[in-house]
>>> print(open('start35.cif').read())   # mmCIF, C-alpha atoms
data_model
#
loop_
_atom_site.label_atom_id
_atom_site.label_comp_id
_atom_site.auth_asym_id
_atom_site.auth_seq_id
_atom_site.Cartn_x
_atom_site.Cartn_y
_atom_site.Cartn_z
CA MET A 211 -155.16 41.22 265.18
CA LEU A 212 -158.86 41.95 265.57
CA GLN A 213 -160.50 45.36 265.65
CA THR A 214 -164.16 46.28 266.14
CA TRP A 215 -165.94 49.47 265.17
CA ARG A 216 -169.46 50.71 264.45
CA VAL A 217 -171.04 51.32 261.06
CA THR A 218 -174.39 52.49 259.78
CA ILE A 219 -176.23 51.43 256.64
CA PRO A 220 -178.59 54.37 256.13
CA GLU A 221 -180.47 52.80 253.23
CA LEU A 222 -181.45 49.86 255.45
CA THR A 223 -181.58 50.99 259.08
CA GLY A 224 -181.00 54.74 259.04
CA GLY A 225 -178.64 55.92 261.76
CA GLU A 226 -178.79 52.70 263.76
CA GLU A 227 -175.29 51.40 264.43
CA ARG A 228 -174.09 47.85 264.09
CA ARG A 229 -170.74 46.22 264.74
CA ALA A 230 -168.12 45.59 262.10
CA TYR A 231 -165.03 43.45 262.59
CA LEU A 232 -161.60 43.66 261.00
CA TYR A 233 -159.06 40.87 261.06
CA LEU A 234 -155.47 41.67 260.06
CA PRO A 235 -152.86 38.90 259.84
CA ASP A 236 -149.82 39.05 262.11
CA SER A 237 -147.63 39.80 259.11
CA TYR A 238 -149.56 43.02 258.38
CA ASP A 239 -147.41 45.09 260.76
CA ARG A 240 -144.20 43.15 260.14
CA GLU A 241 -144.29 43.61 256.37
CA PRO A 242 -145.38 47.21 255.73
CA ASP A 243 -145.08 46.94 251.95
CA ARG A 244 -147.21 43.83 251.60
CA ARG A 245 -150.79 43.91 250.30
CA TYR A 246 -153.48 41.33 251.02
CA PRO A 247 -156.62 39.72 249.59
CA VAL A 248 -159.83 40.63 251.41
CA LEU A 249 -162.69 38.38 252.49
CA TYR A 250 -166.00 40.14 253.23
CA MET A 251 -168.43 38.26 255.46
CA PHE A 252 -172.05 38.41 256.56
CA ASP A 253 -173.24 37.86 260.16
CA GLY A 254 -170.00 39.35 261.44
CA HIS A 255 -171.03 39.00 265.09
CA ASN A 256 -170.87 35.20 264.69
CA VAL A 257 -167.46 35.04 263.01
CA PHE A 258 -164.86 35.78 265.71
CA TYR A 259 -166.11 36.05 269.30
CA ASP A 260 -168.30 33.62 271.24
CA SER A 261 -169.31 36.54 273.46
CA ASP A 262 -170.87 38.39 270.48
CA ALA A 263 -172.40 35.37 268.73
CA THR A 264 -176.17 35.06 268.69
CA TYR A 265 -176.15 31.59 270.26
CA GLY A 266 -172.92 31.89 272.23
CA LYS A 267 -170.76 30.04 269.68
CA SER A 268 -168.70 31.68 266.94
CA TRP A 269 -166.73 30.28 264.00
CA GLY A 270 -163.43 31.04 265.79
CA LEU A 271 -162.13 32.30 262.46
CA GLY A 272 -159.41 34.50 263.89
CA GLU A 273 -157.79 31.65 265.80
CA TYR A 274 -157.73 29.47 262.70
CA LEU A 275 -156.26 32.17 260.47
CA ASP A 276 -153.58 32.91 263.06
CA ALA A 277 -152.72 29.22 263.39
CA VAL A 278 -152.19 28.72 259.64
CA GLU A 279 -150.74 32.21 259.13
CA ALA A 280 -153.19 32.90 256.31
CA PRO A 281 -152.30 36.03 254.29
CA LEU A 282 -155.83 37.39 254.40
CA ILE A 283 -157.74 40.43 255.62
CA VAL A 284 -161.30 39.75 256.81
CA VAL A 285 -164.05 42.38 257.08
CA ALA A 286 -167.25 41.09 258.69
CA VAL A 287 -170.43 43.10 259.35
CA GLU A 288 -173.14 42.35 261.88
CA CYS A 289 -176.62 41.54 260.58
CA ASN A 290 -179.90 43.32 261.24
CA HIS A 291 -181.46 41.89 264.41
CA HIS A 292 -184.89 43.52 264.06
CA PRO A 293 -187.64 41.00 264.98
CA ASP A 294 -189.70 41.87 261.87
CA ASN A 295 -187.58 39.61 259.63
CA GLY A 296 -184.82 42.24 259.52
CA ARG A 297 -182.02 39.78 258.85
CA LEU A 298 -184.00 37.74 256.34
CA SER A 299 -184.93 40.86 254.43
CA GLU A 300 -181.39 42.26 254.24
CA TYR A 301 -179.98 38.86 253.32
CA SER A 302 -182.47 37.90 250.62
CA PRO A 303 -182.03 38.98 246.99
CA PHE A 304 -185.71 38.19 246.38
CA THR A 305 -189.03 38.99 248.02
CA PHE A 306 -190.56 35.71 249.14
CA TYR A 307 -193.41 34.27 251.18
CA GLU A 308 -193.28 31.56 253.81
CA PRO A 309 -196.34 30.55 255.90
CA ASP A 310 -194.43 30.84 259.18
CA LEU A 311 -192.82 34.16 258.24
CA GLY A 312 -195.31 35.94 256.01
CA GLN A 313 -193.99 37.99 253.13
CA VAL A 314 -190.35 38.96 253.43
CA GLU A 315 -189.17 41.91 251.37
CA GLY A 316 -185.93 41.11 249.58
CA ARG A 317 -183.44 43.92 250.18
CA GLY A 318 -180.32 41.97 249.31
CA GLN A 319 -179.50 44.28 246.42
CA ILE A 320 -179.49 47.29 248.76
CA THR A 321 -177.18 45.36 251.09
CA MET A 322 -174.77 44.54 248.29
CA GLU A 323 -174.78 48.07 246.94
CA TRP A 324 -173.59 49.21 250.37
CA PHE A 325 -170.93 46.49 250.53
CA THR A 326 -169.57 47.30 247.07
CA ARG A 327 -170.05 51.09 246.92
CA VAL A 328 -169.38 52.11 250.54
CA LEU A 329 -167.65 49.42 252.59
CA LYS A 330 -165.19 48.06 250.04
CA PRO A 331 -163.95 51.48 248.84
CA GLU A 332 -163.42 52.52 252.45
CA MET A 333 -161.40 49.39 253.18
CA ASP A 334 -159.33 49.87 250.02
CA ARG A 335 -158.56 53.47 251.01
CA ASN A 336 -157.54 52.69 254.58
CA LEU A 337 -155.92 49.25 254.36
CA ARG A 338 -153.20 47.65 252.27
CA THR A 339 -155.59 45.57 250.21
CA LEU A 340 -155.25 43.97 246.83
CA PRO A 341 -158.38 45.75 245.57
CA GLY A 342 -158.90 43.97 242.26
CA ARG A 343 -161.53 41.35 241.58
CA ARG A 344 -159.06 38.45 241.66
CA HIS A 345 -158.29 39.07 245.33
CA THR A 346 -161.75 40.07 246.60
CA PHE A 347 -163.91 37.35 248.18
CA ILE A 348 -167.22 37.05 250.05
CA ALA A 349 -168.67 34.42 252.39
CA GLY A 350 -171.62 33.61 254.61
CA SER A 351 -173.84 30.88 255.99
CA SER A 352 -177.57 30.18 255.78
CA MET A 353 -179.17 33.38 254.43
CA GLY A 354 -175.66 34.80 254.37
CA GLY A 355 -174.70 31.82 252.23
CA LEU A 356 -177.47 32.69 249.78
CA MET A 357 -176.15 36.25 249.74
CA ALA A 358 -172.60 35.06 249.08
CA LEU A 359 -173.88 33.10 246.08
CA TYR A 360 -175.88 36.12 244.88
CA ALA A 361 -172.90 38.44 245.31
CA LEU A 362 -170.59 36.13 243.36
CA LEU A 363 -173.02 35.83 240.44
CA GLU A 364 -174.55 39.31 240.27
CA TYR A 365 -171.50 41.30 241.42
CA ASN A 366 -168.97 39.14 239.62
CA GLN A 367 -167.09 42.22 238.48
CA VAL A 368 -166.22 42.78 242.17
CA PHE A 369 -165.91 39.27 243.65
CA SER A 370 -164.01 36.41 242.03
CA ARG A 371 -164.48 33.85 244.80
CA ALA A 372 -167.11 33.04 247.41
CA ALA A 373 -168.00 30.55 250.12
CA ALA A 374 -171.67 29.68 250.63
CA LEU A 375 -172.11 27.47 253.67
CA SER A 376 -175.56 25.91 254.06
CA PRO A 377 -177.05 28.48 251.65
CA SER A 378 -180.80 29.06 251.98
CA LEU A 379 -181.64 27.78 248.52
CA TRP A 380 -185.22 27.16 249.67
CA VAL A 381 -185.88 30.90 249.36
CA ALA A 382 -187.72 31.51 246.07
CA PRO A 383 -186.16 28.45 244.36
CA GLU A 384 -187.34 29.44 240.88
CA ARG A 385 -185.78 32.87 241.26
CA VAL A 386 -182.55 31.26 242.45
CA ALA A 387 -182.57 28.98 239.41
CA ARG A 388 -183.14 31.89 237.02
CA MET A 389 -180.33 33.83 238.68
CA VAL A 390 -177.89 30.97 238.22
CA ARG A 391 -178.99 30.20 234.66
CA GLY A 392 -178.82 33.83 233.63
CA CYS A 393 -175.56 34.84 235.27
CA ASP A 394 -172.59 35.97 233.22
CA VAL A 395 -169.50 35.02 235.20
CA ALA A 396 -165.92 35.70 234.23
CA ALA A 397 -163.44 32.90 233.68
CA GLY A 398 -161.85 31.70 236.90
CA THR A 399 -164.87 32.31 239.14
CA VAL A 400 -164.56 30.06 242.21
CA LEU A 401 -167.24 28.90 244.64
CA TYR A 402 -167.11 26.74 247.75
CA MET A 403 -170.60 25.49 248.62
CA ASP A 404 -171.66 22.92 251.20
CA TYR A 405 -174.67 21.61 253.07
CA GLY A 406 -174.89 19.46 256.18
CA SER A 407 -176.34 15.98 255.84
CA ARG A 408 -178.43 16.42 258.99
CA GLU A 409 -179.88 19.75 257.90
CA MET A 410 -181.16 18.48 254.55
CA GLU A 411 -184.43 17.51 256.21
CA ASN A 412 -185.05 21.05 257.50
CA HIS A 413 -186.62 22.08 254.19
CA GLN A 414 -188.68 19.94 251.86
CA LEU A 415 -186.95 18.86 248.65
CA MET A 416 -183.70 20.53 249.74
CA ALA A 417 -181.48 17.73 248.39
CA GLY A 418 -183.00 18.09 244.92
CA GLN A 419 -182.64 21.87 244.96
CA PHE A 420 -179.02 21.63 246.05
CA SER A 421 -178.29 19.18 243.24
CA ARG A 422 -179.99 21.37 240.62
CA VAL A 423 -178.13 24.50 241.65
CA THR A 424 -174.85 22.60 241.68
CA ALA A 425 -175.42 21.33 238.12
CA GLN A 426 -176.43 24.80 236.92
CA LEU A 427 -173.30 26.36 238.41
CA LEU A 428 -171.12 23.83 236.65
CA ASP A 429 -172.94 24.58 233.40
CA ARG A 430 -172.09 28.26 233.86
CA GLY A 431 -168.38 27.43 234.12
CA VAL A 432 -167.97 28.10 237.84
CA PHE A 433 -165.03 26.32 239.47
CA LEU A 434 -167.07 24.61 242.16
CA THR A 435 -165.93 22.87 245.32
CA CYS A 436 -169.09 21.19 246.60
CA ARG A 437 -169.55 19.10 249.75
CA ILE A 438 -172.27 17.36 251.67
CA VAL A 439 -170.86 17.55 255.19
CA PRO A 440 -171.20 14.24 257.06
CA ASP A 441 -173.41 14.83 260.12
CA GLY A 442 -173.29 18.56 259.35
CA GLU A 443 -175.91 20.69 261.07
CA HIS A 444 -177.26 24.22 260.69
CA CYS A 445 -175.23 25.95 263.38
CA GLU A 446 -172.01 27.85 264.03
CA ALA A 447 -170.30 24.84 265.60
CA SER A 448 -170.75 22.91 262.37
CA TRP A 449 -169.70 25.82 260.19
CA GLU A 450 -166.58 26.32 262.29
CA ARG A 451 -165.48 22.81 261.30
CA GLN A 452 -165.76 23.80 257.62
CA VAL A 453 -163.41 26.78 257.97
CA PRO A 454 -160.28 24.90 256.77
CA PHE A 455 -162.10 23.68 253.67
CA PHE A 456 -163.47 27.02 252.47
CA ILE A 457 -160.38 29.05 253.38
CA GLU A 458 -158.24 26.66 251.36
CA THR A 459 -160.62 27.05 248.40
CA LEU A 460 -160.59 30.85 248.57
CA LEU A 461 -156.81 31.09 248.78
CA TYR A 462 -155.97 28.24 246.42
CA ASP A 463 -153.29 29.08 243.84
CA LEU A 464 -153.06 32.78 244.76
#
>>> encode(input="start35.cif", output="structure tokens")
Amino acid sequence: MLQTWRVTIPELTGGEERRAYLYLPDSYDREPDRRYPVLYMFDGHNVFYDSDATYGKSWGLGEYLDAVEAPLIVVAVECNHHPDNGRLSEYSPFTFYEPDLGQVEGRGQITMEWFTRVLKPEMDRNLRTLPGRRHTFIAGSSMGGLMALYALLEYNQVFSRAAALSPSLWVAPERVARMVRGCDVAAGTVLYMDYGSREMENHQLMAGQFSRVTAQLLDRGVFLTCRIVPDGEHCEASWERQVPFFIETLLYDL
């Protein structure tokens, strides 16, 4: 079952509304005493409906979860579409500069404060969630993948598992490295992270950066499922094909 409503994030865009999406498994109504893990997601408009997706293609996540009867609630929030790097700013933990973009102010911390202090408490009040860290996950792709990695490491007291698909590790690579090296993650922290073989060439030295971050995560004791996706590209159609892999990782042994 999918529901859509409107939310505001005053600290980021004032009273401007954006869409939020809620997926409830079929068993939610049939089993009124059952509680569920929750997956929070970035770029919510691209997750469920082709009609809402930026490029007309979604991940089709709802259909997959229905097909496998996954015991999972999903809460996905639309990004900022402002042309002045709105999405990049909200989905970057760090201020960075790129010649084609100019300077982008990193407001990822503000975004995560809203997710953890406003959105999650509201979901826990109104839904039959399993609210503890063990059953709270986060996922995204591209800049949303970078944010999922950031959330797992810097908000590890909230999220125990994350999926970072094609994370934008090219953003402030030294800051990313310091974040990973300096993180203090609890035992049992789980991360699914992938990158498409065809998209490696989109950013210079991306393969080396991906390898370094992978090694650093392993050094920090993260339980890492890492993939280079054969012929994988930087698009929703490619990420849709990775859904079975990251959902299995998030729900493994729960």
>>> atom_distance(input="start35.cif", atom1="atom CA of A:Arg317", atom2="atom CA of A:Glu221")
9.8 Å
>>> residues_near_point(input="start35.cif", point="(-166.6, 36.8, 240.6)", cutoff="8 Å", atoms="all atoms listed in the file", output="list in words")
Arg343, Arg344, Leu362, Leu363, Tyr365, Asn366, Gln367, Val368, Phe369, Ser370, Arg371, Ala372, Val395, Ala396, Gly398, Thr399 and Val400 of chain A
>>> residues_around(input="start35.cif", residues="A:Ser378", least_positions_apart="2", cutoff="10 Å", atoms="all atoms listed in the file", output="ChimeraX atom specification")
/A:301-302,351-357,359,374-376,380-383,386,405,413,416,420
>>> write_last_selection(input="start35.cif", atoms="C-alpha atoms", output="short mmCIF file (atom, residue, chain, number, x, y, z; two decimals), in the frame of the given file")
data_model
loop_
_atom_site.label_atom_id
_atom_site.label_comp_id
_atom_site.auth_asym_id
_atom_site.auth_seq_id
_atom_site.Cartn_x
_atom_site.Cartn_y
_atom_site.Cartn_z
CA TYR A 301 -179.98 38.86 253.32
CA SER A 302 -182.47 37.90 250.62
CA SER A 351 -173.84 30.88 255.99
CA SER A 352 -177.57 30.18 255.78
CA MET A 353 -179.17 33.38 254.43
CA GLY A 354 -175.66 34.80 254.37
CA GLY A 355 -174.70 31.82 252.23
CA LEU A 356 -177.47 32.69 249.78
CA MET A 357 -176.15 36.25 249.74
CA LEU A 359 -173.88 33.10 246.08
CA ALA A 374 -171.67 29.68 250.63
CA LEU A 375 -172.11 27.47 253.67
CA SER A 376 -175.56 25.91 254.06
CA TRP A 380 -185.22 27.16 249.67
CA VAL A 381 -185.88 30.90 249.36
CA ALA A 382 -187.72 31.51 246.07
CA PRO A 383 -186.16 28.45 244.36
CA VAL A 386 -182.55 31.26 242.45
CA TYR A 405 -174.67 21.61 253.07
CA HIS A 413 -186.62 22.08 254.19
CA MET A 416 -183.70 20.53 249.74
CA PHE A 420 -179.02 21.63 246.05
#
>>> atom_distance(input="start35.cif", atom1="atom CA of A:Ala280", atom2="atom CA of A:Met333")
18.7 Å
>>> residues_around(input="start35.cif", residues="A:Asp441", least_positions_apart="3", cutoff="10 Å", atoms="all atoms listed in the file", output="PyMOL selection string")
chain A and resi 405-409+438+448
>>> residues_around(input="start35.cif", residues="stretch 326-331 of chain A", least_positions_apart="5", cutoff="12 Å", atoms="all atoms listed in the file", output="compact mmCIF listing (two decimals) with C-alpha atoms, in the frame of the given file")
# COMPACT_ATOMS: atom_id res chain seq x y z
CA VAL A 217 -171.04 51.32 261.06
CA THR A 218 -174.39 52.49 259.78
CA ILE A 219 -176.23 51.43 256.64
CA PRO A 220 -178.59 54.37 256.13
CA GLU A 221 -180.47 52.80 253.23
CA ALA A 230 -168.12 45.59 262.10
CA TYR A 231 -165.03 43.45 262.59
CA LEU A 232 -161.60 43.66 261.00
CA PRO A 247 -156.62 39.72 249.59
CA VAL A 248 -159.83 40.63 251.41
CA LEU A 249 -162.69 38.38 252.49
CA TYR A 250 -166.00 40.14 253.23
CA MET A 251 -168.43 38.26 255.46
CA VAL A 284 -161.30 39.75 256.81
CA VAL A 285 -164.05 42.38 257.08
CA ALA A 286 -167.25 41.09 258.69
CA VAL A 287 -170.43 43.10 259.35
CA GLN A 319 -179.50 44.28 246.42
CA ILE A 320 -179.49 47.29 248.76
CA THR A 321 -177.18 45.36 251.09
CA ASN A 336 -157.54 52.69 254.58
CA LEU A 337 -155.92 49.25 254.36
CA ARG A 338 -153.20 47.65 252.27
CA THR A 339 -155.59 45.57 250.21
CA LEU A 340 -155.25 43.97 246.83
CA PRO A 341 -158.38 45.75 245.57
CA GLY A 342 -158.90 43.97 242.26
CA ARG A 343 -161.53 41.35 241.58
CA THR A 346 -161.75 40.07 246.60
CA PHE A 347 -163.91 37.35 248.18
CA ILE A 348 -167.22 37.05 250.05
CA ALA A 361 -172.90 38.44 245.31
CA LEU A 362 -170.59 36.13 243.36
CA GLU A 364 -174.55 39.31 240.27
CA TYR A 365 -171.50 41.30 241.42
CA ASN A 366 -168.97 39.14 239.62
CA GLN A 367 -167.09 42.22 238.48
CA VAL A 368 -166.22 42.78 242.17
CA PHE A 369 -165.91 39.27 243.65
>>> closest_residue(input="start35.cif", among="A:Val453, A:Leu222, A:Ala263, A:Val432", to="A:Ala397", atoms="only C-alpha atoms")
A:Val432
>>> atom_distance(input="start35.cif", atom1="atom CA of A:Leu271", atom2="atom CA of A:Thr459")
15.1 Å
>>> resolve_selection(input="start35.cif", expression="the PyMOL selection byres ((chain A and resi 267) around 12)", output="MDAnalysis selection string")
chainID A and resid 255:266 268:271 445:450
>>> closest_residue(input="start35.cif", among="A:Arg216, A:His291, A:His444, A:Arg244", to="A:Pro377", atoms="all atoms listed in the file")
A:His444
>>> closest_residue(input="start35.cif", among="A:Arg385, A:Asn290, A:Trp324, A:Tyr238", to="A:Thr305", atoms="only C-alpha atoms")
A:Arg385
>>> closest_residue(input="start35.cif", among="A:Leu460, A:Glu288, A:Arg422, A:Met403", to="A:Cys436", atoms="only C-alpha atoms")
A:Met403
>>> build_atoms(input="start35.cif", residues="stretch 327-338 of chain A", atoms="all heavy atoms", output="compact mmCIF listing (two decimals), in the coordinates of the input")
# COMPACT_ATOMS: atom_id res chain seq x y z
N ARG A 327 -170.22 49.66 247.20
CA ARG A 327 -170.05 51.09 246.92
C ARG A 327 -169.58 51.91 248.12
O ARG A 327 -169.05 53.01 247.95
CB ARG A 327 -171.36 51.68 246.39
CG ARG A 327 -171.79 51.10 245.05
CD ARG A 327 -173.10 51.71 244.59
NE ARG A 327 -173.55 51.14 243.34
CZ ARG A 327 -173.20 51.59 242.14
NH1 ARG A 327 -172.40 52.65 242.04
NH2 ARG A 327 -173.65 51.01 241.04
N VAL A 328 -169.76 51.37 249.33
CA VAL A 328 -169.38 52.11 250.54
C VAL A 328 -168.28 51.37 251.31
O VAL A 328 -167.20 51.90 251.53
CB VAL A 328 -170.61 52.36 251.44
CG1 VAL A 328 -170.18 53.10 252.72
CG2 VAL A 328 -171.67 53.16 250.70
N LEU A 329 -168.58 50.14 251.73
CA LEU A 329 -167.65 49.42 252.59
C LEU A 329 -166.34 49.08 251.88
O LEU A 329 -165.25 49.37 252.40
CB LEU A 329 -168.32 48.14 253.12
CG LEU A 329 -167.45 47.30 254.06
CD1 LEU A 329 -167.10 48.08 255.32
CD2 LEU A 329 -168.16 46.00 254.41
N LYS A 330 -166.42 48.46 250.72
CA LYS A 330 -165.19 48.06 250.04
C LYS A 330 -164.30 49.26 249.69
O LYS A 330 -163.08 49.23 249.95
CB LYS A 330 -165.50 47.24 248.79
CG LYS A 330 -164.24 46.74 248.08
CD LYS A 330 -164.55 45.98 246.82
CE LYS A 330 -163.29 45.39 246.19
NZ LYS A 330 -162.28 46.40 245.84
N PRO A 331 -164.83 50.33 249.11
CA PRO A 331 -163.95 51.48 248.84
C PRO A 331 -163.29 52.04 250.09
O PRO A 331 -162.12 52.45 250.05
CB PRO A 331 -164.91 52.50 248.21
CG PRO A 331 -165.98 51.67 247.57
CD PRO A 331 -166.18 50.52 248.51
N GLU A 332 -164.02 52.03 251.21
CA GLU A 332 -163.42 52.52 252.45
C GLU A 332 -162.27 51.62 252.90
O GLU A 332 -161.21 52.11 253.32
CB GLU A 332 -164.48 52.59 253.55
CG GLU A 332 -163.95 53.12 254.88
CD GLU A 332 -165.00 53.19 255.95
OE1 GLU A 332 -166.20 53.05 255.63
OE2 GLU A 332 -164.63 53.39 257.13
N MET A 333 -162.46 50.31 252.80
CA MET A 333 -161.40 49.39 253.18
C MET A 333 -160.18 49.55 252.25
O MET A 333 -159.04 49.52 252.69
CB MET A 333 -161.90 47.95 253.15
CG MET A 333 -163.00 47.64 254.15
SD MET A 333 -162.55 47.92 255.89
CE MET A 333 -163.31 49.54 256.20
N ASP A 334 -160.44 49.72 250.97
CA ASP A 334 -159.33 49.87 250.02
C ASP A 334 -158.57 51.16 250.24
O ASP A 334 -157.36 51.24 249.97
CB ASP A 334 -159.87 49.82 248.58
CG ASP A 334 -160.35 48.42 248.19
OD1 ASP A 334 -159.92 47.44 248.82
OD2 ASP A 334 -161.17 48.33 247.26
N ARG A 335 -159.25 52.20 250.73
CA ARG A 335 -158.56 53.47 251.01
C ARG A 335 -157.69 53.36 252.26
O ARG A 335 -156.61 53.96 252.32
CB ARG A 335 -159.58 54.60 251.21
CG ARG A 335 -160.20 55.15 249.94
CD ARG A 335 -160.94 56.45 250.22
NE ARG A 335 -162.00 56.28 251.21
CZ ARG A 335 -163.26 55.98 250.91
NH1 ARG A 335 -163.62 55.79 249.64
NH2 ARG A 335 -164.17 55.86 251.86
N ASN A 336 -158.16 52.64 253.26
CA ASN A 336 -157.54 52.69 254.58
C ASN A 336 -156.65 51.50 254.91
O ASN A 336 -155.91 51.53 255.91
CB ASN A 336 -158.62 52.80 255.66
CG ASN A 336 -159.38 54.10 255.55
OD1 ASN A 336 -158.80 55.16 255.29
ND2 ASN A 336 -160.69 54.06 255.75
N LEU A 337 -156.71 50.44 254.09
CA LEU A 337 -155.92 49.25 254.36
C LEU A 337 -155.06 48.90 253.15
O LEU A 337 -155.35 49.35 252.03
CB LEU A 337 -156.84 48.06 254.69
CG LEU A 337 -157.78 48.22 255.87
CD1 LEU A 337 -158.77 47.06 255.92
CD2 LEU A 337 -156.99 48.30 257.18
N ARG A 338 -154.05 48.09 253.37
CA ARG A 338 -153.20 47.65 252.27
C ARG A 338 -153.83 46.43 251.62
O ARG A 338 -153.39 45.29 251.80
CB ARG A 338 -151.78 47.37 252.76
CG ARG A 338 -151.07 48.60 253.32
CD ARG A 338 -149.56 48.40 253.41
NE ARG A 338 -149.18 47.13 254.00
CZ ARG A 338 -149.07 46.91 255.31
NH1 ARG A 338 -149.35 47.89 256.17
NH2 ARG A 338 -148.70 45.73 255.75
